[in-house]
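Contents: one structure, followed by commentary.
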Amino acid sequence: MGKVQEFEIAFDKNKLVYSPGESITGTVTVKLGQQLLCKAIKVNCNGFCGITNKVNDTAWTVEEQYFNSTISVADKGTLKQGEHTFPFKFLIPATAPTSFEGNYGKIVYRVRAFIDTPRFAKDYNTEKAFFLLSLLNLNEVPDIWGTCSSAVTQQFTYMLVKTGTVVLKAQTDIKGYTPGQIIQVTASIHNQSSKTTGNIMASLMQRVTYETKRPTHDLRTIAEVEGGTVKAGKEVEWKEQIIVPPLPQSSLAGCDLIKLEYYVKVNLKSPDVMLTLPIHIGNVSLDKKLHPSKKTAPPSSTPAKDTPTSASTPDTSTSATTPTLPSRPAPKPAPRPAPRSRMSSHNSPSAPPAEYHQGAEGGMPVSDGIPSKRQSQLVSPNAFSYAPGLFFSQNQQHNGPAAEPGGPMFSGSTGATAPYPPVNNANPMPTPLILPPDYGTSAYPQEAPPSYDESCNT
């Protein structure tokens with residue numbers, strides 16, 4: 001076994017993910033099997049971005065340095081046999097970008113330790129990587145609110161013959177998402193040709209651009225969903241969902257060599273029609289409370305709904321000032337009664353209710369088939385004053401000792417009068433009921449009338 005049995009770096013609390021502006025602390029541990037002569041023990045912390053034109057190549061074509069700090073934790077001397085621990089601390093710049101690793105480049109952060117030995121002796125070194133996460137708050141992205149929509153029209157060609165056009169429209173519910181959220185995709189396909197289209201597809205795409213002399217574009221399909229076809233002359237609306245998996249954020253602020261973008265691609269397999277909907281992937285989701293809502297119009301001075309007045313409150317106004325209820329079918333006219341002596345219109349309303357329901361005077365006839373919502377409401381009599389020929393005592397002006405207007409009539413009444421509720425503490429006046437004549441006591445013939453032949457022979 002050599003002189004150095006253990007040489008490693010440990011971060012405090014085993015932390016591996018840090019934020020810009022945060023301090024990174026830890027220790028360097030050296031375990032020796034025998035004493036070691038060294039010139040110095042140094043610890044370095046750096047962060048950089050490197051890109052290349054070849055896949056997974058570490059011979060960087062272009063590099064970008066973010067920070068590079070070195071401290072010495074031990075001076076020249078002799079380390080005794082045993083275990084030695086050296087603490088360190090570094091401050092991460094606030095402008096450092098988020099860690100990233102792609103096919104043609106990466107953003108790397110690491111801590112390295114070195115043991116410098118005298119000439120002709122072996123040097124020792126070790127390193128440990130850590131990750132930096134600069135949170136992207138979607139609420140701070142400009143023009144993030146609202147839907148993202150697009151439309152495209154494509155000529156439909158079959159066997160080199162133009163057969164019509166296809167109109168494709170699509171949109172997403174919002175413009176920003178975080179991992180785990182669902183992208184709601186809505187597409188409308190209007191096939192104005194004589195051929196059936198291919199299947200419709202929606203894909204979540206990632207495009208990474210590496211800024212070398214000749215920029216390299218790395219395009220990846222993250223997720224994909226597929227729908228059906230659209231027949232000739234048909235218009236179809238298609239809705240689908242895409243779950244956002246764990247992904248790097250859209251913006252690598254502070255990095256000039258790597259550009260990261262996301263978009264939803266909606267396309268048809270046939271004809272070759274496609275549109276893109278740019279979106280953002282962040283770390284802090286959109287907060288609806290921060291949405292710049294439109295200014296609401298001031299409330300109108302006129303109440304939206306009219307409250308029915310109490311039945312016990314006198315009303316001396318005309319029917320033109322009565323509250324207006326929601327529209328409902330006009331009352332059906334009552335069946336024409338048999339000829340009888342003419343009476344005053346105050347005593348014979350043209351459309352009296354068939355039954356009297358407490359709290360709904362002057363209401364419509366009750367239907368036994370479908371219950372009306374108005375049957376359970378307490379409605380003022382004024383609400384029904386629009387019925388032709390229907391009058392209530394509140395609306396009448398008394399010019400003399402005339403009888404009070406007749407109230408609702410009871411269909412099964414056997415008495416000669418029906419009491420009507422007094423108004424304004426007025427004395428209740430009896431209202432005569434009009435009863436049909438009693439044909440059982442009349443002098444009509446009891447035998448059947450003669451037939452036509454018999455009447456001609458007489």
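Letters A, B, ... go to the chains of the structure tokens in the order shown; residues in each chain start at 1; ligands are counted from 1 in the same order.
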From the DSSP assignment of the backbone, select every residue of stretch 132-289 of chain A that is strand (DSSP E), and format the answer as a PyMOL selection string.
chain A and resi 132+148-158+161-172+176-177+182-191+200-210+216-226+235-243+258-268+273-281
Leaving out stretch 75-78 of chain A and any residue of its chain fewer than 2 positions from it, which residues lie within 8 Å of it when counting only C-alpha atoms, given as a list of chain:residue names?
A:Gln35, A:Leu36, A:Leu37, A:Cys38, A:Lys39, A:Ala40, A:Ile41, A:Ser72, A:Val73, A:Lys80
I'd like the contact shell of A:Lys213 - 12 Å cut-off, only C-alpha atoms, skipping same-chain residues fewer than 4 positions apart - returned as a PDB file with C-alpha atoms, in the first residue's frame.
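around-v2.pdb, freshly written:
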```pdb
ATOM      1  CA  ILE A  51     -18.728  22.845 -26.150  1.00  0.00           C
ATOM      2  CA  THR A  52     -17.533  20.819 -29.120  1.00  0.00           C
ATOM      3  CA  ASN A  53     -18.612  19.711 -32.584  1.00  0.00           C
ATOM      4  CA  THR A  61     -13.667  23.676 -29.082  1.00  0.00           C
ATOM      5  CA  VAL A  62     -14.869  26.708 -27.122  1.00  0.00           C
ATOM      6  CA  THR A 209     -28.122  25.269 -29.720  1.00  0.00           C
ATOM      7  CA  LEU A 257     -22.532  29.234 -25.409  1.00  0.00           C
TER       8      LEU A 257
END
```
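Of the listed residues A:Leu275, A:Val141, A:Ile182, A:Ile281, the one whose atoms come nearest to A:Gln206 is A:Ile281, with distances taken using only C-alpha atoms.
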For A:Leu168, find every residue with an atom within 7 Å (counting only C-alpha atoms), except residues of its own chain fewer than 2 positions away, and show them as a CSV table (one decimal) with N, CA and C atoms, in the first residue's frame.
```csv
chain,number,residue,atom,x,y,z
A,151,ALA,N,-51.6,28.9,-36.4
A,151,ALA,CA,-52.4,28.3,-37.5
A,151,ALA,C,-51.6,28.2,-38.8
A,152,VAL,N,-51.9,27.2,-39.6
A,152,VAL,CA,-51.2,27.0,-40.9
A,152,VAL,C,-52.1,26.4,-41.9
A,153,THR,N,-52.0,26.7,-43.1
A,153,THR,CA,-52.8,26.2,-44.2
A,153,THR,C,-51.8,25.5,-45.2
A,166,VAL,N,-55.6,21.8,-46.3
A,166,VAL,CA,-55.9,21.4,-45.0
A,166,VAL,C,-55.5,22.6,-44.1
A,170,ALA,N,-53.9,25.2,-33.7
A,170,ALA,CA,-53.5,24.5,-32.4
A,170,ALA,C,-53.2,25.6,-31.3
A,188,SER,N,-57.4,22.0,-34.1
A,188,SER,CA,-58.6,21.9,-35.0
A,188,SER,C,-58.1,21.7,-36.4
A,189,ILE,N,-58.6,20.6,-37.0
A,189,ILE,CA,-58.2,20.2,-38.4
A,189,ILE,C,-59.4,20.3,-39.3
A,190,HIS,N,-59.3,21.2,-40.3
A,190,HIS,CA,-60.3,21.3,-41.3
A,190,HIS,C,-59.8,20.7,-42.6
```
Spatial neighbours of A:Asn44, 8 Å, only C-alpha atoms, chain gap at least 5 places, as a list in words
Asn68, Ser69, Thr70, Ile71, Val111, Arg112 and Ala113 of chain A
What's the 9 Å shell around A:Ile9, counting only C-alpha atoms, without same-chain residues fewer than 4 positions away, as a PyMOL selection string?
chain A and resi 26-29+111-113+126-128
Quick one: distance from atom CA of A:Pro87 to atom CA of A:Glu8 in Å, one decimal?
11.9 Å
From A:Asn267, A:Gln241, A:Lys162, A:Leu136, residue lying nearest A:His280 [only C-alpha atoms]:
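That would be A:Leu136, the residue with the smallest distance to A:His280.
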